[in-house]
Every structure is written in C-alpha cells, then in structure tokens.
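Since the structure comes first, as structure tokens, the remarks are kept for the end.
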Protein chains: 2
Amino acid sequence: MIRNVIFLLSILVFCACQQSGENTTNEIEAKPEPKRVEYALAIHGGAGTIKKENMTAEKEAVIREVLNEALTVGETVLKNGGSSLDAIEATIMAMENSPYFNAGKGAVFTNEGKNELDASIMDGRNKNAGAVGGVTIVKNPILAARAVMEKSKHVLLTGEGANQFSKEQGLEIVDPEYFFTQNRWESLQRAKANDLGFNEYAKSIHDSKFGTVGAAALDKNGNLAAGTSTGGMTNKKYNRIGDSPIIGAGTYADNNTCAISSTGHGEYFIRYAVAHDISAMMEYKKIDFQTAADKVINGKLKSAGGDGGVIGVDKYGNVAMPFNTPGMYRGFVKPDERSVLIYKND
Amino acid sequence: MIRNVIFLLSILVFCACQQSGENTTNEIEAKPEPKRVEYALAIHGGAGTIKKENMTAEKEAVIREVLNEALTVGETVLKNGGSSLDAIEATIMAMENSPYFNAGKGAVFTNEGKNELDASIMDGRNKNAGAVGGVTIVKNPILAARAVMEKSKHVLLTGEGANQFSKEQGLEIVDPEYFFTQNRWESLQRAKANDLGFNEYAKSIHDSKFGTVGAAALDKNGNLAAGTSTGGMTNKKYNRIGDSPIIGAGTYADNNTCAISSTGHGEYFIRYAVAHDISAMMEYKKIDFQTAADKVINGKLKSAGGDGGVIGVDKYGNVAMPFNTPGMYRGFVKPDERSVLIYKND
C-alpha cells in the first residue's frame with residue numbers, strides 16, 4: 001500500500017511540475033497572433049499645456065476640423081489601397097499647409113526672424129529613411145524628406161544644401177515670406193523680450209499651444225511608415241536642429257514592430273532615442289505597443305523631465321498616443337473607428 | 001492513513017512546484033555581478049577595406065604609433081582619476097590633430113572642395129549630449145560638441161550657427177585652409193572623376209583607408225562616456241550629415257549599459273540606430289555587451305549591407321570592438337592590458 005502511494009505521489013509531483021512548466025511556456029510563447037485591421041492612421045499636431053480653460057470654443061472647433069481633414073486625406077489613400085508612405089505624406093502636407101500647426105506654413109521664427117524647417121520620413125518595409133534640417137524655401141518639408149530617401153544616397157541633408165537638393169528635385173519652392181504668420185511673429189517678440197534661458201525655455205514650451213505635426217500609418221499590404229515635420233522652437237539660435245529630422249528620435253518605422261512620430265522637447269527625445277526605444281522595447285521585451293510607448297513617455301522620459309508625446313501604429317493596426325503633457329492634438333482612423341482628441345481626459 | 005498520505009502528497013506537490021519556480025528565478029536573476037575594472041578606454045580610427053597586402057610597413061607603424069599615443073593621452077586622464085568625458089575628449093583631440101584620420105586636420109573634402117566636420121559626445125551619467133554638424137572653422141569639433149552639451153540648451157547645432165556658437169564659446173578657430181591635406185584633395189579629384197553614384201559609393205568606402213575617429217571610456221567613478229568625430233564622406237554634397245553627430249546612431253552612452261562610438265557607412269548606422277540598438281538590446285534582453293554588439297554589427301547591419309563597426313566599453317569595463325569590414329583601426333587600454341589592432345585577424 002505504502003509503496004503504491006509513494007509511486008503515485010512521485011507521478012503526481014512529476015505531472016504537476018510538468019503542467020506548471022507548460023503553463024508558463026504557453027503564457028510566453030503561445031499567444032494567438034492578433035488580427036490585423038485593414039488599415040490604420042494616427043496623427044498629432046503637437047503636445048503642450050493645452051487646457052480647456054485656455055481655449056475658445058471657436059479655436060477648438062477649427063483645430064478639430066483641420067485634424068479631421070488631415071485624417072480624411074490620409075484615410076482616402078489607405079482605403080484606395082495606397083501605401084502607408086503616400087498616406088502619411090498626404091496627411092502631413094495637409095497639416096503643413098495649415099497655419100494652425102508649427103510646421104510648413106505655420107512654422108515658428110528663429111532668433112534671427114527666419115523660419116527653418118525640419119522633417120523626416122521612414123519606410124517600415126526596409127528601414128529606408130530621409131530627412132532635412134533647416135530648409136527655408138521648401139513649401140512642404142515632408143516632400144523634401146521623401147526625396148532625400150528616394151532620390152539621394154543620403155539620409156540627412158541640411159541648410160542650403162537641402163534647399164539646393166529640393167530645387168533640383170523640382171519640389172515647390174516658396175519665398176521665405178510665405179512662412180510669415182502674425183501670431184508666430186508676435187511669439188518671437190515675446191520670447192526675445194523675455195530672453196528665455198534654458199529653464200525658462202522648459203516653461204515656455206508648457207505654454208506653447210501648437211506644435212510639430214506627424215503621422216504614422218499601416219496600409220492594406222501590412223506596411224508601416226511614419227513622418228514628422230516642424231518649424232522647431234521659437235527663438236531658436238545657431239541652426240539648432242531638434243528631434244523631428246532625427247531618425248530614431250523624432251521618427252521610426254519598422255514593419256516588425258511599429259511606426260512612430262514624436263512631439264515635445266526635442267532635446268530629450270534625441271537623448272532618449274525615444275522613437276527607436278519604443279520599437280526596441282517591443283522587439284526585445286516582446287511587450288505590446290501601448291505598454292512600450294507608455295513606459296517610455298510616462299516612465300523614462302517623464303522621470304527625466306522631458307515633456308511631450310508620441311503617436312503611432314503597430315503592425316496589427318493598434319494605435320497608441322501617450323503623452324505626459326496636459327494635452328496633445330491627436331487623432332486616429334481605422335475602417336470602423338475615428339477619433340480626434342485634444343485634452344488629457346478627452 | 002489514506003487521509004494522511006493525501007495531505008502529505010498535497011504538501012509535496014505544492015513544495016515541488018514552489019521549488020521549481022524558485023530555481024527558474026534564481027537562474028535569471030542571481031548571476032553574480034561581474035567585477036568592474038578600475039578604468040577602460042577603447043578607440044577607433046575608422047573601418048574599411050584595410051588589408052595587410054595594401055599597407056606599407058612604414059604606414060602601418062605610423063598609424064599604430066598615433067593610435068598608441070591617443071590611448072596614452074586618454075589613459076593618463078583616467079589613471080589620474082579624471083572623468084571619462086575628459087579622457088575621451090583628450091583622446092579624440094589627439095586623433096583630430098593627426099592628418100592620418102578623417103577628422104579634424106585630416107578631414108576629407110566635400111564636392112565643393114570644402115571641409116565640413118561633424119562630432120558628438122555623450123555623458124553616460126545623465127544621458128546629456130551635444131553635437132555639431134558641418135562646422136568649417138573649428139579646429140577640434142569634439143570640443144564644439146562638448147560645448148553644445150554643457151553651454152547650450154540644445155543637443156545639435158549645425159553649419160554657420162554651430163561655427164558662430166563655437167566662436168562665442170572661445171574655442172580655437174582656424175582658417176578653413178588648415179584642413180587642407182594633399183592626399184584628401186587627390187581623393188576628391190578621383191571621386192569626382194569617377195562621378196560616384198550610390199552603388200559606386202558603397203564600393204568606394206571599401207577602399208577608404210582612413211576614417212572617422214571615436215572613443216569610449218569608463219572612469220574610476222564608474223561613469224561612461226563616448227564621442228565621435230569625422231570629416232564625413234569624400235565628395236559629399238548638399239550639406240549631408242552622417243551618423244557621427246547623431247546621438248543613438250554614431251554615439252551613445254548610458255551608465256546602465258555601455259558607451260559606444262560607430263564608424264562606417266553612416267546612412268545605415270542612422271537607419272538602424274546602431275549605437276542605441278546595442279544599448280537597448282543589453283537593457284531589454286539582459287545580454288552581455290560583446291553579444292549585443294556582435295548581433296547588431298555582424299547580424300542586423302551586415303544583413304542589410306551596412307559596412308562598419310563600433311568600439312565601446314560597458315559598465316564593468318569590458319571592451320567590444322566588432323566590425324564587418326576587412327579591418328578597423330582600433331585599440332583599448334585597461335590597467336594591465338593594452339592592444340592596438342588593425343586587421344580582422346590581428
């Protein structure tokens with residue numbers, strides 16, 4: 001009897017432990033592959049101290065309208081089977097052409113009273129990328145970034161060289177006057193009057209109501225792409241370049257993980273390689289997009305004092321839009337879903 | 001009796017499974033922390049088709065001497081308790097001041113016959129970083145990068161703005177003629193005569209004998225730092241900026257992982273965020289520095305066709321110097337070890 005019981009006991013201990021081992025394995029490896037949505041597009045128009053009490057109903061309505069229009073432009077491309085690259089290009093152009101965002105037409109002024117524009121684009125299929133820093137005469141910097149990616153052997157062109165390249169590529173060239181907007185000019189005058197130093201700058205971006213624009217998309221073929229465009233920082237000096245044209249910081253796209261565009265205090269986004277870090281966390285820790293994006297934006301970046309957020313789409317079409325500021329102009333569209341949001345608790 | 005046996009059985013099953021769980025945990029977490037060496041410094045002077053059969057004994061001796069001198073300069077700082085930042089700055093300056101490397105004095109020429117220099121630096125303690133792109137009158141671009149990190153609110157300054165900032169910071173300014181070297185000038189003429197396109201460029205860097213310089217160090221306080229300096233690509237156009245001034249691509253340093261400087265076909269290093277990717281792989285996959293650096297340089301980057309290598313030091317003072325080209329000028333020094341290497345099988 002006792003011998004039988006001991007035998008039974010051994011078998012049971014063995015089986016129980018095997019079972020326990022199998023469960024662990026199942027949890028890690030055997031998750032069913034999530035279903036991919038047909039297409040998805042996410043956009044942002046900048047993050048900052050965007051609070052309802054500082055906003056008029058009229059202004060809010062206009063911004064929501066522009067964001068909705070940008071989503072529609074990009075969704076039309078995706079619905080018709082167009083590429084994620086074409087979709088984000090069209091979406092970003094729509095926002096560049098609006099005076100309401102700090103990109104293209106609405107770009108902020110440098111300390112010298114100029115407009116220096118940065119943009120980047122990345123193709124998740126092959127990790128090709130293109131970017132321009134400090135262009136001054138290109139109507140749509142996102143087109144210049146795409147031309148660098150597709151028509152040059154380089155990734156990043158800057159200043160006069162980037163202007164020259166854009167001209168040779170036949171892109172639409174404008175007089176620098178095109179980028180003049182009265183409210184941006186007044187922002188520069190206020191910034192100069194206050195002679196903002198480093199710490200003051202941090203506060204000033206809390207008060208910035210409009211920012212960088214960006215888009216990320218998944219197309220019907222399962223390809224991801226992302227892009228970002230900006231006028232940079234009001235009162236910037238010394239041909240400063242922020243994170244927007246930096247692949248890995250402002251923009252990243254990899255068909256194996258996600259496509260991301262960043263907005264915020266660019267220097268922090270460069271130092272923390274924010275867009276690449278989210279992608280790397282997904283790749284190496286095998287965690288989902290929302291969790292990875294939250295860990296970087298509301299964990300690492302927030303602890304370091306870096307204000308801002310990202311929008312993005314993963315390879316299944318999941319959208320994440322975390323930010324650590326009071327608001328971020330943002331939105332997304334999928335076949336049966338559309339959303340345009342501004343405040344934290346929208 | 002039976003009731004007692006069943007009770008005993010339940011306890012045993014429970015204990016066995018607990019035990020099994022504990023073992024797993026121990027295997028993952030309880031590795032003994034490796035011992036940290038007192039200090040370590042690694043350097044590179046570029047990667048490419050560097051083969052013994054193409055090298056004269058005299059040339060090889062000179063290059064080994066310059067690399068050894070650079071190591072000595074940096075080691076002296078570290079031995080005396082100086083910071084890793086000061087050590088890599090001194091080391092990189094020594095290489096910038098030599099005509100044998102494509103950085104500082106020995107910088108290559110642009111398509112327009114100019115010298116446009118890029119550099120970056122990063123502090124592993126706090127991930128502070130600074131970089132310049134396309135400076136033309138700064139004798140030691142690594143000093144400009146450090147000034148951007150320590151004296152500005154920005155990370156990346158470019159072109160005329162970066163020149164102006166360097167002047168205001170009292171850095172040594174030189175006439176652009178300072179960067180003239182006969183052999184670099186002849187390289188430009190050869191490149192122009194061949195009118196190298198994208199694919200030809202890839203071949204041309206195989207033939208480049210000298211390259212970008214960089215250094216990474218661990219100091220006695222356990223702090224990591226890395227820096228990189230370059231003249232970029234012979235015959236470059238349009239104010240092209242490569243990976244050297246891009247934090248995350250050409251340079252990265254994080255006290256929790258490692259400090260890295262890259263050299264090679266810069267566009268690939270940007271697209272693959274090479275320096276940050278190695279650090280992220282260590283952080284998220286919990287693998288060692290050598291393994292992570294190999295996976296990126298001889299795995300991901302090589303598969304994509306990106307030529308080059310990295311040198312670096314991890315938080316314990318382990319040195320890794322992987323490259324996927326026939327050779328890389330490289331070396332490292334620790335309290336009881338010193339090595340200067342050129343070829344694959346050195």
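Each chain in the structure tokens gets a letter, A, B and so on, in the order shown; residues start at 1 in every chain, and ligands are counted from 1 in the order they appear.
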
Inset, instruction - List every residue of range 115-247 of chain A that DSSP, applied to the backbone of this structure, places in strand (DSSP E or B), and write the result as an MDAnalysis selection string. - result: chainID A and resid 117:123 128:135 138 156:158 173 213:218 224:230 240:241 247

Inset, instruction - Do a least-squares overlay of chain A on chain B, C-alpha atoms all paired in order, then report the RMSD in Å. - result: 1.5 Å

Legend entry - All residues 7 Å or closer to Thr212 in chain A, only C-alpha atoms, same chain fewer than 6 positions away omitted, as a ChimeraX atom specification: /A:45-46,101-103,229-230,263

Save the residues we just selected, N, CA, C and O atoms, as a PDB file, in the first residue's frame?
```pdb
ATOM      1  N   GLY A  45      -0.616  66.929 -33.745  1.00  0.00           N
ATOM      2  CA  GLY A  45      -0.345  68.313 -34.122  1.00  0.00           C
ATOM      3  C   GLY A  45       0.370  69.027 -32.991  1.00  0.00           C
ATOM      4  O   GLY A  45       0.282  70.243 -32.864  1.00  0.00           O
ATOM      5  N   GLY A  46       1.101  68.253 -32.160  1.00  0.00           N
ATOM      6  CA  GLY A  46       1.889  68.850 -31.091  1.00  0.00           C
ATOM      7  C   GLY A  46       1.323  68.601 -29.712  1.00  0.00           C
ATOM      8  O   GLY A  46       0.119  68.384 -29.543  1.00  0.00           O
ATOM      9  N   PHE A 101      -0.524  74.828 -37.244  1.00  0.00           N
ATOM     10  CA  PHE A 101       0.491  73.979 -36.616  1.00  0.00           C
ATOM     11  C   PHE A 101       1.884  74.521 -36.895  1.00  0.00           C
ATOM     12  O   PHE A 101       2.101  75.234 -37.869  1.00  0.00           O
ATOM     13  N   ASN A 102       2.821  74.150 -36.023  1.00  0.00           N
ATOM     14  CA  ASN A 102       4.206  74.613 -36.156  1.00  0.00           C
ATOM     15  C   ASN A 102       4.956  73.715 -37.138  1.00  0.00           C
ATOM     16  O   ASN A 102       5.840  72.945 -36.776  1.00  0.00           O
ATOM     17  N   ALA A 103       4.570  73.854 -38.400  1.00  0.00           N
ATOM     18  CA  ALA A 103       5.188  73.068 -39.476  1.00  0.00           C
ATOM     19  C   ALA A 103       4.754  73.714 -40.778  1.00  0.00           C
ATOM     20  O   ALA A 103       3.624  74.211 -40.871  1.00  0.00           O
ATOM     21  N   SER A 229       7.121  66.640 -39.134  1.00  0.00           N
ATOM     22  CA  SER A 229       7.522  67.908 -39.743  1.00  0.00           C
ATOM     23  C   SER A 229       7.355  69.022 -38.710  1.00  0.00           C
ATOM     24  O   SER A 229       6.391  69.027 -37.958  1.00  0.00           O
ATOM     25  N   THR A 230       8.285  69.971 -38.698  1.00  0.00           N
ATOM     26  CA  THR A 230       8.234  71.004 -37.661  1.00  0.00           C
ATOM     27  C   THR A 230       8.961  72.280 -38.086  1.00  0.00           C
ATOM     28  O   THR A 230       9.817  72.256 -38.969  1.00  0.00           O
ATOM     29  N   THR A 263       6.588  64.294 -30.614  1.00  0.00           N
ATOM     30  CA  THR A 263       6.463  65.745 -30.474  1.00  0.00           C
ATOM     31  C   THR A 263       6.741  66.128 -29.024  1.00  0.00           C
ATOM     32  O   THR A 263       6.332  65.420 -28.110  1.00  0.00           O
TER      33      THR A 263
END
```

Inset, instruction - Considering only C-alpha atoms, return as a list of chain:residue names whatever protein or nucleic-acid residues lie within 12 Å of Ala61 in chain A, sequence-local ones (same chain, fewer than 4 positions apart) excluded. - result: A:Met55, A:Thr56, A:Ala57, A:Glu65, A:Val66, A:Leu67, A:Asn68, A:Tyr100, A:Val340, A:Leu341, A:Ile342

Inset, instruction - Would you mind listing what lies within 12 Å of Lys167 in chain A as a PyMOL selection string, with only C-alpha atoms counted and same-chain residues fewer than 2 positions away left out? - result: (chain A and resi 135-139+141+143-144+147-148+160-165+169-174) or (chain B and resi 238)

Export N, CA, C and O atoms of the chosen residues as a PDB file, in the first residue's frame?
```
ATOM      1  N   VAL A 135      15.623  73.672 -43.704  1.00  0.00           N
ATOM      2  CA  VAL A 135      15.277  74.216 -45.023  1.00  0.00           C
ATOM      3  C   VAL A 135      14.471  75.503 -44.842  1.00  0.00           C
ATOM      4  O   VAL A 135      13.776  75.679 -43.839  1.00  0.00           O
ATOM      5  N   THR A 136      14.604  76.424 -45.811  1.00  0.00           N
ATOM      6  CA  THR A 136      13.996  77.746 -45.632  1.00  0.00           C
ATOM      7  C   THR A 136      13.074  78.152 -46.785  1.00  0.00           C
ATOM      8  O   THR A 136      12.366  79.147 -46.680  1.00  0.00           O
ATOM      9  N   ILE A 137      13.095  77.377 -47.884  1.00  0.00           N
ATOM     10  CA  ILE A 137      12.338  77.787 -49.071  1.00  0.00           C
ATOM     11  C   ILE A 137      11.482  76.652 -49.644  1.00  0.00           C
ATOM     12  O   ILE A 137      10.920  76.790 -50.732  1.00  0.00           O
ATOM     13  N   VAL A 138      11.387  75.549 -48.906  1.00  0.00           N
ATOM     14  CA  VAL A 138      10.623  74.402 -49.408  1.00  0.00           C
ATOM     15  C   VAL A 138       9.232  74.447 -48.792  1.00  0.00           C
ATOM     16  O   VAL A 138       9.085  74.420 -47.567  1.00  0.00           O
ATOM     17  N   LYS A 139       8.198  74.533 -49.648  1.00  0.00           N
ATOM     18  CA  LYS A 139       6.839  74.679 -49.129  1.00  0.00           C
ATOM     19  C   LYS A 139       6.452  73.509 -48.222  1.00  0.00           C
ATOM     20  O   LYS A 139       5.866  73.714 -47.171  1.00  0.00           O
ATOM     21  N   PRO A 141       8.217  70.521 -46.372  1.00  0.00           N
ATOM     22  CA  PRO A 141       9.453  69.809 -45.997  1.00  0.00           C
ATOM     23  C   PRO A 141       9.309  68.279 -45.998  1.00  0.00           C
ATOM     24  O   PRO A 141      10.289  67.574 -46.240  1.00  0.00           O
ATOM     25  N   LEU A 143       7.964  66.525 -48.231  1.00  0.00           N
ATOM     26  CA  LEU A 143       8.292  66.077 -49.590  1.00  0.00           C
ATOM     27  C   LEU A 143       9.806  66.071 -49.798  1.00  0.00           C
ATOM     28  O   LEU A 143      10.343  65.216 -50.510  1.00  0.00           O
ATOM     29  N   ALA A 144      10.482  67.038 -49.183  1.00  0.00           N
ATOM     30  CA  ALA A 144      11.943  67.077 -49.279  1.00  0.00           C
ATOM     31  C   ALA A 144      12.538  65.850 -48.573  1.00  0.00           C
ATOM     32  O   ALA A 144      13.463  65.209 -49.088  1.00  0.00           O
ATOM     33  N   ALA A 147      12.095  62.916 -50.801  1.00  0.00           N
ATOM     34  CA  ALA A 147      13.023  62.957 -51.937  1.00  0.00           C
ATOM     35  C   ALA A 147      14.426  62.541 -51.501  1.00  0.00           C
ATOM     36  O   ALA A 147      15.130  61.839 -52.236  1.00  0.00           O
ATOM     37  N   VAL A 148      14.842  62.964 -50.299  1.00  0.00           N
ATOM     38  CA  VAL A 148      16.158  62.533 -49.789  1.00  0.00           C
ATOM     39  C   VAL A 148      16.180  61.006 -49.695  1.00  0.00           C
ATOM     40  O   VAL A 148      17.135  60.345 -50.116  1.00  0.00           O
ATOM     41  N   GLU A 160      21.497  75.083 -46.607  1.00  0.00           N
ATOM     42  CA  GLU A 160      21.496  75.466 -48.015  1.00  0.00           C
ATOM     43  C   GLU A 160      21.585  74.256 -48.934  1.00  0.00           C
ATOM     44  O   GLU A 160      21.018  74.252 -50.028  1.00  0.00           O
ATOM     45  N   GLY A 161      22.313  73.252 -48.516  1.00  0.00           N
ATOM     46  CA  GLY A 161      22.437  72.037 -49.321  1.00  0.00           C
ATOM     47  C   GLY A 161      21.093  71.351 -49.503  1.00  0.00           C
ATOM     48  O   GLY A 161      20.763  70.880 -50.600  1.00  0.00           O
ATOM     49  N   ALA A 162      20.309  71.330 -48.441  1.00  0.00           N
ATOM     50  CA  ALA A 162      18.981  70.711 -48.511  1.00  0.00           C
ATOM     51  C   ALA A 162      18.044  71.550 -49.377  1.00  0.00           C
ATOM     52  O   ALA A 162      17.233  71.003 -50.143  1.00  0.00           O
ATOM     53  N   ASN A 163      18.155  72.890 -49.280  1.00  0.00           N
ATOM     54  CA  ASN A 163      17.387  73.763 -50.178  1.00  0.00           C
ATOM     55  C   ASN A 163      17.728  73.462 -51.639  1.00  0.00           C
ATOM     56  O   ASN A 163      16.843  73.298 -52.487  1.00  0.00           O
ATOM     57  N   GLN A 164      19.023  73.401 -51.917  1.00  0.00           N
ATOM     58  CA  GLN A 164      19.507  73.185 -53.272  1.00  0.00           C
ATOM     59  C   GLN A 164      19.007  71.838 -53.820  1.00  0.00           C
ATOM     60  O   GLN A 164      18.506  71.756 -54.945  1.00  0.00           O
ATOM     61  N   PHE A 165      19.136  70.808 -53.000  1.00  0.00           N
ATOM     62  CA  PHE A 165      18.677  69.472 -53.397  1.00  0.00           C
ATOM     63  C   PHE A 165      17.175  69.505 -53.725  1.00  0.00           C
ATOM     64  O   PHE A 165      16.734  68.932 -54.731  1.00  0.00           O
ATOM     65  N   GLN A 169      15.238  68.692 -57.280  1.00  0.00           N
ATOM     66  CA  GLN A 169      14.240  67.628 -57.360  1.00  0.00           C
ATOM     67  C   GLN A 169      12.890  68.143 -57.862  1.00  0.00           C
ATOM     68  O   GLN A 169      11.934  67.380 -57.964  1.00  0.00           O
ATOM     69  N   GLY A 170      12.839  69.458 -58.122  1.00  0.00           N
ATOM     70  CA  GLY A 170      11.607  70.023 -58.659  1.00  0.00           C
ATOM     71  C   GLY A 170      10.501  70.199 -57.638  1.00  0.00           C
ATOM     72  O   GLY A 170       9.328  70.320 -57.998  1.00  0.00           O
ATOM     73  N   LEU A 171      10.847  70.244 -56.372  1.00  0.00           N
ATOM     74  CA  LEU A 171       9.815  70.470 -55.342  1.00  0.00           C
ATOM     75  C   LEU A 171       9.357  71.927 -55.370  1.00  0.00           C
ATOM     76  O   LEU A 171      10.074  72.805 -55.862  1.00  0.00           O
ATOM     77  N   GLU A 172       8.164  72.185 -54.849  1.00  0.00           N
ATOM     78  CA  GLU A 172       7.645  73.546 -54.857  1.00  0.00           C
ATOM     79  C   GLU A 172       8.472  74.435 -53.925  1.00  0.00           C
ATOM     80  O   GLU A 172       8.576  74.168 -52.725  1.00  0.00           O
ATOM     81  N   ILE A 173       9.034  75.492 -54.519  1.00  0.00           N
ATOM     82  CA  ILE A 173       9.878  76.425 -53.778  1.00  0.00           C
ATOM     83  C   ILE A 173       9.072  77.700 -53.534  1.00  0.00           C
ATOM     84  O   ILE A 173       8.349  78.164 -54.410  1.00  0.00           O
ATOM     85  N   VAL A 174       9.184  78.231 -52.321  1.00  0.00           N
ATOM     86  CA  VAL A 174       8.447  79.462 -51.998  1.00  0.00           C
ATOM     87  C   VAL A 174       9.422  80.526 -51.498  1.00  0.00           C
ATOM     88  O   VAL A 174      10.522  80.213 -51.033  1.00  0.00           O
TER      89      VAL A 174
ATOM     90  N   TYR B 238      25.320  68.732 -50.659  1.00  0.00           N
ATOM     91  CA  TYR B 238      24.066  69.177 -50.046  1.00  0.00           C
ATOM     92  C   TYR B 238      24.104  69.223 -48.530  1.00  0.00           C
ATOM     93  O   TYR B 238      23.105  68.924 -47.875  1.00  0.00           O
TER      94      TYR B 238
END
```

Inset, instruction - Give the answer as one residue: which of B:Asn128, B:Asn221, B:Thr325, B:Asn256 has the shortest atom-to-atom distance to chain A, using only C-alpha atoms? - result: B:Asn128

Inset, instruction - May I have the residues of chain B within 7 Å of chain A, counting only C-alpha atoms, written as a ChimeraX atom specification? - result: /B:9,13,16-17,127-129,153-159,161-162,164-165,198,237-242,247-248,267,270-271,273,280-281,284-285

Inset, instruction - Quick one: pick out all alpha helix (DSSP H) residues within range 113-228 of chain B from a backbone DSSP run and write them as a PyMOL selection string. - result: chain B and resi 141-151+159-168+182-194+198-207
